[in-house]
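The next block holds one structure in the form of structure tokens; read it before the comments.
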Amino acid sequence: MNQQLFSEITAFFNKLPRQGVGSTQSFQKAFNLLPKLGAGSQIVDIGCGTGGQTLDLLTHCAGHVTAVDSSQSSLDILKEKADKAGFSDRIEILCEDITEMELFEQSFDLIWSEGAIYNFGLEEGLTTWRSLLKQSAYVVVNDCCWLTDTPDPETLGFWNEGYPGMTNQLTAQQCIERAGFKLIESFVQPENDWWENFYTPMEQEIALQKNRSAEELPEGYMAFLAGMEAEIGLRRKHKREYGYVFFILEKK
Ligand SMILES: C[S@@+](CC[C@H](N)C(=O)[O-])C[C@H]1O[C@@H](n2cnc3c(N)ncnc32)[C@H](O)[C@@H]1O
């Protein structure tokens with residue numbers, strides 16, 4: 001993908017309240033399943049984007065949050081939001097590739113990651129991230145999972161292309177065990193998590209983007225918008241077949 005197209009796509013997602021499926025309500029539900037984390041706790045938010053869940057972490061926990069993402073433009077938005085909310089002294093914002101975080105060996109009490117582990121696949125991501133954790137520590141991660149063994153061919157085709165490593169919840173549990181974690185709890189995120197902060201504002205943004213003149217758009221951008229419309233259409237038709245699942249894990 002060329003740089004101009006990549007920048008336009010990042011800017012598109014940065015305009016949305018969240019860059020993935022999520023909400024403060026689901027954050028709270030997952031957070032409440034963890035043991036209490038004190039003011040001295042060290043948390044890392046991996047693939048934080050513009051920081052929807054980062055601000056939730058800072059609001060609900062007294063600890064220190066290291067927010068990591070490879071997109072500087074997303075992190076600039078997070079910094080502005082964190083400063084405005086008065087969290088500057090409890091956050092470190094790092095522009096880093098999440099596949100190269102060796103410097104942080106055994107540093108964290110909690111890894112939080114929404115919408116980012118698909119970059120590795122669940123098992124590989126958890127296995128890699130395990131070394132970042134202290135001896136007694138936790139992970140909260142969400143991932144898109146199959147909710148049926150018999151998906152419609154349209155859904156299967158879409159996800160085989162978009163996320164070929166997508167598992168069902170049972171396989172996810174096996175991946176979690178193999179990666180060295182114990183499953184405390186899991187839950188499928190409610191349908192509203194797909195819409196309120198993500199697909200509904202996305203549809204509005206797509207409509208605005210389509211009004212731009214063709215000359216100012218990089219090649220491939222209209223195809224990207226069409227792809228996002230197809231993804232939203234698929235959700236409307238086949239929402240029972242796949243869903244985002246939160247996993248609350250303890251390091252073994
Ligand atoms: C689907 S978005 C989720 C953002 C945010 N957690 C949320 O739920 O709103 C995934 C994020 O992961 C980041 N990301 C993807 N690959 C990455 C990598 N290799 N290193 C660092 N960040 C990465 C993207 O820049 C993006 O902000």
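In the structure tokens, the first chain shown is A, the next is B, and so on; residue numbers restart at 1 for each chain, and ligands run from 1 in the order shown.
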Contact residues around A:Phe87 with only C-alpha atoms at 12 Å, ignoring same-chain residues under 2 positions, as a PyMOL selection string: chain A and resi 54-66+78-85+89-93
Kindly export the residues of the current selection with C-alpha atoms, as a PDB file, in the first residue's frame.
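Output contents, as saved in result07.pdb:
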ATOM      1  CA  THR A  54      -6.768   3.940  27.238  1.00  0.00           C
ATOM      2  CA  LEU A  55      -8.895   6.693  28.740  1.00  0.00           C
ATOM      3  CA  ASP A  56     -11.160   4.033  30.245  1.00  0.00           C
ATOM      4  CA  LEU A  57      -8.090   2.444  31.880  1.00  0.00           C
ATOM      5  CA  LEU A  58      -6.896   5.776  33.268  1.00  0.00           C
ATOM      6  CA  THR A  59     -10.372   6.558  34.553  1.00  0.00           C
ATOM      7  CA  HIS A  60     -10.972   3.225  36.283  1.00  0.00           C
ATOM      8  CA  CYS A  61      -7.496   2.367  37.540  1.00  0.00           C
ATOM      9  CA  ALA A  62      -5.019   4.401  39.578  1.00  0.00           C
ATOM     10  CA  GLY A  63      -1.996   2.755  37.914  1.00  0.00           C
ATOM     11  CA  HIS A  64       0.357   3.940  35.177  1.00  0.00           C
ATOM     12  CA  VAL A  65      -0.510   3.230  31.545  1.00  0.00           C
ATOM     13  CA  THR A  66       1.972   2.755  28.694  1.00  0.00           C
ATOM     14  CA  LEU A  78      -4.647  10.243  22.331  1.00  0.00           C
ATOM     15  CA  LYS A  79      -2.117  12.688  23.812  1.00  0.00           C
ATOM     16  CA  GLU A  80      -4.484  15.603  23.346  1.00  0.00           C
ATOM     17  CA  LYS A  81      -7.350  13.676  24.993  1.00  0.00           C
ATOM     18  CA  ALA A  82      -5.176  12.463  27.896  1.00  0.00           C
ATOM     19  CA  ASP A  83      -3.791  15.974  28.552  1.00  0.00           C
ATOM     20  CA  LYS A  84      -7.281  17.464  28.474  1.00  0.00           C
ATOM     21  CA  ALA A  85      -8.552  14.850  30.935  1.00  0.00           C
ATOM     22  CA  ASP A  89       1.392  12.249  34.701  1.00  0.00           C
ATOM     23  CA  ARG A  90       0.062   8.653  34.502  1.00  0.00           C
ATOM     24  CA  ILE A  91       0.534   7.916  30.827  1.00  0.00           C
ATOM     25  CA  GLU A  92       3.482   7.209  28.592  1.00  0.00           C
ATOM     26  CA  ILE A  93       2.709   7.252  24.893  1.00  0.00           C
TER      27      ILE A  93
END
Can you write out as CSV which residues of chain A fall within 10 Å of ligand 1, alongside each residue's closest atom pair and its distance in Å to one decimal, counting only C-alpha atoms and all ligand atoms and ordering rows by chain and ascending residue number?
residue,atom,partner,partner_atom_place_in_ligand_line,distance
A:Thr10,CA,ligand 1,25 (O),7.7
A:Phe13,CA,ligand 1,2 (S),8.3
A:Asn14,CA,ligand 1,27 (O),8.4
A:Leu16,CA,ligand 1,9 (O),8.6
A:Pro17,CA,ligand 1,9 (O),7.4
A:Arg18,CA,ligand 1,9 (O),3.8
A:Gln19,CA,ligand 1,9 (O),3.8
A:Gly20,CA,ligand 1,8 (O),4.2
A:Val21,CA,ligand 1,8 (O),6.1
A:Gly22,CA,ligand 1,8 (O),6.2
A:Ser23,CA,ligand 1,8 (O),8.7
A:Asp45,CA,ligand 1,6 (N),7.7
A:Ile46,CA,ligand 1,22 (N),7.0
A:Gly47,CA,ligand 1,12 (O),3.7
A:Cys48,CA,ligand 1,6 (N),4.0
A:Gly49,CA,ligand 1,27 (O),3.4
A:Thr50,CA,ligand 1,9 (O),6.5
A:Gly51,CA,ligand 1,5 (C),6.1
A:Gly52,CA,ligand 1,9 (O),5.5
A:Gln53,CA,ligand 1,6 (N),6.6
A:Thr54,CA,ligand 1,6 (N),8.0
A:Ala67,CA,ligand 1,6 (N),9.7
A:Val68,CA,ligand 1,21 (C),6.4
A:Asp69,CA,ligand 1,22 (N),3.7
A:Ser70,CA,ligand 1,21 (C),3.8
A:Ser71,CA,ligand 1,25 (O),4.8
A:Gln72,CA,ligand 1,25 (O),8.4
A:Ser73,CA,ligand 1,25 (O),9.2
A:Ser74,CA,ligand 1,27 (O),6.6
A:Leu75,CA,ligand 1,27 (O),8.5
A:Leu94,CA,ligand 1,21 (C),9.4
A:Cys95,CA,ligand 1,21 (C),7.4
A:Glu96,CA,ligand 1,21 (C),5.6
A:Asp97,CA,ligand 1,20 (N),3.4
A:Ile98,CA,ligand 1,20 (N),3.8
A:Thr99,CA,ligand 1,19 (N),5.6
A:Glu100,CA,ligand 1,20 (N),8.0
A:Met101,CA,ligand 1,20 (N),9.3
A:Trp112,CA,ligand 1,6 (N),8.8
A:Ser113,CA,ligand 1,6 (N),6.2
A:Glu114,CA,ligand 1,6 (N),4.3
A:Gly115,CA,ligand 1,1 (C),4.3
A:Ala116,CA,ligand 1,10 (C),4.5
A:Ile117,CA,ligand 1,12 (O),8.1
A:Tyr118,CA,ligand 1,15 (C),8.7
A:Asn119,CA,ligand 1,16 (N),5.9
A:Phe120,CA,ligand 1,19 (N),8.7
A:Val141,CA,ligand 1,6 (N),9.8
A:Asn142,CA,ligand 1,8 (O),9.1
A:Asn197,CA,ligand 1,9 (O),8.7
A:Phe198,CA,ligand 1,9 (O),8.5
Written file, previous selection with N, CA and C atoms, as a compact mmCIF listing (two decimals), in the first residue's frame:
# COMPACT_ATOMS: atom_id res chain seq x y z
N THR A 10 -5.64 5.80 7.64
CA THR A 10 -5.43 6.06 9.07
C THR A 10 -6.25 7.27 9.50
N PHE A 13 -9.91 6.32 9.96
CA PHE A 13 -10.20 5.62 11.22
C PHE A 13 -10.03 6.55 12.43
N ASN A 14 -9.08 7.47 12.33
CA ASN A 14 -8.84 8.39 13.46
C ASN A 14 -10.04 9.30 13.73
N LEU A 16 -13.06 8.30 13.88
CA LEU A 16 -14.10 7.54 14.59
C LEU A 16 -13.80 7.54 16.08
N PRO A 17 -14.85 7.44 16.93
CA PRO A 17 -14.59 7.42 18.38
C PRO A 17 -13.66 6.27 18.79
N ARG A 18 -13.82 5.12 18.15
CA ARG A 18 -12.90 3.99 18.36
C ARG A 18 -12.51 3.44 17.00
N GLN A 19 -11.36 2.77 16.95
CA GLN A 19 -10.92 2.20 15.67
C GLN A 19 -11.29 0.72 15.58
N GLY A 20 -12.10 0.25 16.52
CA GLY A 20 -12.53 -1.13 16.50
C GLY A 20 -13.80 -1.29 17.31
N VAL A 21 -14.20 -2.55 17.47
CA VAL A 21 -15.44 -2.88 18.16
C VAL A 21 -15.23 -2.72 19.67
N GLY A 22 -16.01 -1.85 20.32
CA GLY A 22 -15.81 -1.70 21.77
C GLY A 22 -16.67 -0.60 22.36
N SER A 23 -16.65 -0.55 23.69
CA SER A 23 -17.41 0.47 24.41
C SER A 23 -16.90 0.55 25.84
N ASP A 45 -1.23 -0.79 27.18
CA ASP A 45 -2.35 -0.86 26.24
C ASP A 45 -1.74 -1.03 24.85
N ILE A 46 -1.85 -2.25 24.32
CA ILE A 46 -1.17 -2.59 23.07
C ILE A 46 -2.09 -2.36 21.87
N GLY A 47 -1.64 -1.54 20.94
CA GLY A 47 -2.46 -1.17 19.78
C GLY A 47 -3.57 -0.23 20.21
N CYS A 48 -3.16 0.84 20.91
CA CYS A 48 -4.14 1.70 21.61
C CYS A 48 -4.95 2.58 20.67
N GLY A 49 -4.46 2.82 19.44
CA GLY A 49 -5.17 3.71 18.53
C GLY A 49 -5.29 5.10 19.12
N THR A 50 -6.45 5.73 18.95
CA THR A 50 -6.65 7.08 19.52
C THR A 50 -7.06 7.01 20.99
N GLY A 51 -7.13 5.79 21.55
CA GLY A 51 -7.17 5.65 23.00
C GLY A 51 -8.53 5.58 23.67
N GLY A 52 -9.56 5.10 22.96
CA GLY A 52 -10.86 4.92 23.63
C GLY A 52 -10.71 4.15 24.93
N GLN A 53 -10.08 2.97 24.84
CA GLN A 53 -9.93 2.13 26.05
C GLN A 53 -8.80 2.63 26.95
N THR A 54 -7.86 3.41 26.40
CA THR A 54 -6.77 3.94 27.24
C THR A 54 -7.35 4.90 28.27
N ALA A 67 0.90 3.41 26.63
CA ALA A 67 0.03 3.21 25.46
C ALA A 67 0.89 3.11 24.21
N VAL A 68 0.77 1.99 23.50
CA VAL A 68 1.67 1.72 22.36
C VAL A 68 0.87 1.55 21.07
N ASP A 69 1.34 2.22 20.04
CA ASP A 69 0.75 2.05 18.71
C ASP A 69 1.81 2.49 17.69
N SER A 70 1.69 1.98 16.46
CA SER A 70 2.65 2.39 15.43
C SER A 70 2.19 3.63 14.68
N SER A 71 0.98 4.10 14.95
CA SER A 71 0.46 5.27 14.22
C SER A 71 0.65 6.54 15.04
N GLN A 72 1.60 7.39 14.62
CA GLN A 72 1.87 8.63 15.35
C GLN A 72 0.64 9.55 15.32
N SER A 73 -0.07 9.57 14.20
CA SER A 73 -1.23 10.48 14.12
C SER A 73 -2.33 10.06 15.11
N SER A 74 -2.49 8.74 15.31
CA SER A 74 -3.47 8.27 16.31
C SER A 74 -3.00 8.66 17.71
N LEU A 75 -1.70 8.50 17.94
CA LEU A 75 -1.15 8.80 19.27
C LEU A 75 -1.24 10.29 19.58
N LEU A 94 3.87 5.70 23.43
CA LEU A 94 5.02 5.25 22.66
C LEU A 94 4.62 4.86 21.24
N CYS A 95 5.33 5.43 20.27
CA CYS A 95 5.12 5.03 18.88
C CYS A 95 6.09 3.89 18.60
N GLU A 96 5.57 2.68 18.63
CA GLU A 96 6.42 1.48 18.50
C GLU A 96 5.67 0.40 17.74
N ASP A 97 6.43 -0.47 17.14
CA ASP A 97 5.84 -1.65 16.54
C ASP A 97 5.60 -2.67 17.66
N ILE A 98 4.36 -3.13 17.77
CA ILE A 98 4.04 -4.01 18.89
C ILE A 98 4.66 -5.41 18.74
N THR A 99 5.25 -5.67 17.59
CA THR A 99 5.95 -6.95 17.44
C THR A 99 7.39 -6.85 17.95
N GLU A 100 7.79 -5.63 18.33
CA GLU A 100 9.19 -5.45 18.76
C GLU A 100 9.24 -4.70 20.09
N MET A 101 8.79 -5.35 21.14
CA MET A 101 8.72 -4.65 22.44
C MET A 101 9.62 -5.35 23.47
N TRP A 112 -3.56 -4.79 28.34
CA TRP A 112 -4.91 -4.59 27.80
C TRP A 112 -4.75 -4.41 26.30
N SER A 113 -5.55 -5.10 25.51
CA SER A 113 -5.41 -4.91 24.07
C SER A 113 -6.74 -5.16 23.37
N GLU A 114 -7.26 -4.12 22.74
CA GLU A 114 -8.54 -4.24 22.01
C GLU A 114 -8.28 -4.08 20.51
N GLY A 115 -8.74 -5.07 19.77
CA GLY A 115 -8.73 -4.98 18.31
C GLY A 115 -7.35 -5.06 17.67
N ALA A 116 -6.36 -5.57 18.38
CA ALA A 116 -5.00 -5.54 17.81
C ALA A 116 -4.32 -6.90 17.72
N ILE A 117 -4.82 -7.91 18.42
CA ILE A 117 -4.07 -9.18 18.45
C ILE A 117 -4.20 -9.95 17.13
N TYR A 118 -5.17 -9.56 16.31
CA TYR A 118 -5.31 -10.23 15.01
C TYR A 118 -4.04 -10.05 14.16
N ASN A 119 -3.25 -9.02 14.49
CA ASN A 119 -2.00 -8.80 13.76
C ASN A 119 -1.07 -10.00 13.89
N PHE A 120 -1.20 -10.73 15.00
CA PHE A 120 -0.38 -11.93 15.21
C PHE A 120 -1.20 -13.20 15.05
N VAL A 141 -7.88 -9.18 26.55
CA VAL A 141 -7.72 -9.03 25.10
C VAL A 141 -9.04 -9.39 24.43
N ASN A 142 -9.36 -8.70 23.34
CA ASN A 142 -10.53 -9.16 22.59
C ASN A 142 -10.10 -9.58 21.18
N ASN A 197 -19.78 3.20 18.49
CA ASN A 197 -18.50 3.90 18.36
C ASN A 197 -17.75 3.54 17.09
N PHE A 198 -18.35 2.68 16.26
CA PHE A 198 -17.58 2.16 15.12
C PHE A 198 -18.36 2.23 13.81
9 Å contact set for A:Leu132, only C-alpha atoms, chain neighbours under 6 positions out, as a PyMOL selection string: chain A and resi 101-109+111
Shell of 6 Å around A:Asn168, only C-alpha atoms, local chain residues under 2 positions omitted, as a count of residues only: 4
All helix (DSSP H, G or I) positions in stretch 132-251 of chain A, as an MDAnalysis selection string: chainID A and resid 132 153:162 169:178 192:210 214:216 221:238
Selected residues written out, C-alpha atoms, as an mmCIF file, in the first residue's frame:
data_model
loop_
_atom_site.group_PDB
_atom_site.id
_atom_site.type_symbol
_atom_site.label_atom_id
_atom_site.label_comp_id
_atom_site.auth_asym_id
_atom_site.auth_seq_id
_atom_site.Cartn_x
_atom_site.Cartn_y
_atom_site.Cartn_z
ATOM 1 C CA LEU A 132 6.237 -8.507 28.940
ATOM 2 C CA PRO A 153 -20.357 -19.004 2.406
ATOM 3 C CA GLU A 154 -20.440 -15.190 2.136
ATOM 4 C CA THR A 155 -19.258 -14.801 5.751
ATOM 5 C CA LEU A 156 -16.688 -17.573 5.377
ATOM 6 C CA GLY A 157 -15.275 -15.988 2.211
ATOM 7 C CA PHE A 158 -15.023 -12.564 3.836
ATOM 8 C CA TRP A 159 -13.230 -13.722 6.983
ATOM 9 C CA ASN A 160 -11.029 -16.286 5.216
ATOM 10 C CA GLU A 161 -9.611 -13.334 3.352
ATOM 11 C CA GLY A 162 -9.702 -10.757 6.187
ATOM 12 C CA GLN A 169 -14.261 -19.809 21.314
ATOM 13 C CA LEU A 170 -13.268 -23.396 22.131
ATOM 14 C CA THR A 171 -10.141 -23.252 19.980
ATOM 15 C CA ALA A 172 -9.393 -19.828 21.461
ATOM 16 C CA GLN A 173 -9.410 -21.387 24.941
ATOM 17 C CA GLN A 174 -6.940 -24.034 23.789
ATOM 18 C CA CYS A 175 -4.706 -21.311 22.295
ATOM 19 C CA ILE A 176 -4.872 -19.428 25.594
ATOM 20 C CA GLU A 177 -3.799 -22.507 27.596
ATOM 21 C CA ARG A 178 -0.968 -23.315 25.192
ATOM 22 C CA ASN A 192 -24.056 -2.187 20.242
ATOM 23 C CA ASP A 193 -20.235 -2.395 20.523
ATOM 24 C CA TRP A 194 -20.095 -2.813 16.756
ATOM 25 C CA TRP A 195 -22.274 0.191 16.020
ATOM 26 C CA GLU A 196 -22.217 3.060 18.488
ATOM 27 C CA ASN A 197 -18.499 3.898 18.360
ATOM 28 C CA PHE A 198 -17.575 2.164 15.125
ATOM 29 C CA TYR A 199 -19.921 1.258 12.263
ATOM 30 C CA THR A 200 -22.521 4.028 12.726
ATOM 31 C CA PRO A 201 -19.955 6.875 12.749
ATOM 32 C CA MET A 202 -18.095 4.989 10.017
ATOM 33 C CA GLU A 203 -21.146 5.020 7.744
ATOM 34 C CA GLN A 204 -21.464 8.770 8.308
ATOM 35 C CA GLU A 205 -17.772 9.250 7.524
ATOM 36 C CA ILE A 206 -18.033 7.132 4.351
ATOM 37 C CA ALA A 207 -20.888 9.373 3.141
ATOM 38 C CA LEU A 208 -18.719 12.477 3.744
ATOM 39 C CA GLN A 209 -15.687 10.933 2.058
ATOM 40 C CA LYS A 210 -17.688 10.077 -1.054
ATOM 41 C CA ALA A 214 -11.814 12.103 -7.165
ATOM 42 C CA GLU A 215 -8.588 14.064 -7.911
ATOM 43 C CA GLU A 216 -7.699 14.526 -4.255
ATOM 44 C CA TYR A 221 -9.205 4.794 -1.550
ATOM 45 C CA MET A 222 -12.658 4.312 -3.143
ATOM 46 C CA ALA A 223 -12.066 0.552 -3.109
ATOM 47 C CA PHE A 224 -11.193 0.817 0.597
ATOM 48 C CA LEU A 225 -14.485 2.673 1.267
ATOM 49 C CA ALA A 226 -16.407 0.035 -0.711
ATOM 50 C CA GLY A 227 -14.687 -2.679 1.342
ATOM 51 C CA MET A 228 -15.771 -1.050 4.597
ATOM 52 C CA GLU A 229 -19.346 -0.774 3.292
ATOM 53 C CA ALA A 230 -19.263 -4.470 2.431
ATOM 54 C CA GLU A 231 -17.987 -5.274 5.944
ATOM 55 C CA ILE A 232 -20.858 -3.295 7.498
ATOM 56 C CA GLY A 233 -23.368 -4.988 5.153
ATOM 57 C CA LEU A 234 -22.028 -8.391 6.163
ATOM 58 C CA ARG A 235 -22.572 -7.521 9.820
ATOM 59 C CA ARG A 236 -26.198 -6.573 9.142
ATOM 60 C CA LYS A 237 -26.821 -9.900 7.415
ATOM 61 C CA HIS A 238 -24.760 -12.356 9.438
#
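In this model, the gap between atom CA of A:Cys144 and atom CA of A:Gln4 comes to 28.5 Å.
Of the residues listed (A:Gln3, A:Leu133, A:Tyr242, A:Thr24), A:Leu133 shows the shortest atom-to-atom separation from A:Ile43; distances use only C-alpha atoms.
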DSSP strand (DSSP E or B) selection over stretch 100-246 of chain A, as a ChimeraX atom specification: /A:108-113,133-146,168,181-188,242-246
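Using only C-alpha atoms, the residues found no farther than 9 Å from A:Phe187, other than those of its own chain fewer than 4 positions away, are Ala30, Tyr244, Val245, Phe246, Phe247 and Ile248 of chain A.
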Selected residue, from A:Leu217, A:Leu249, A:Met166, A:Val140, that lies nearest to A:Glu8 when counting only C-alpha atoms: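 Closest to A:Glu8, using only C-alpha atoms: A:Leu217.
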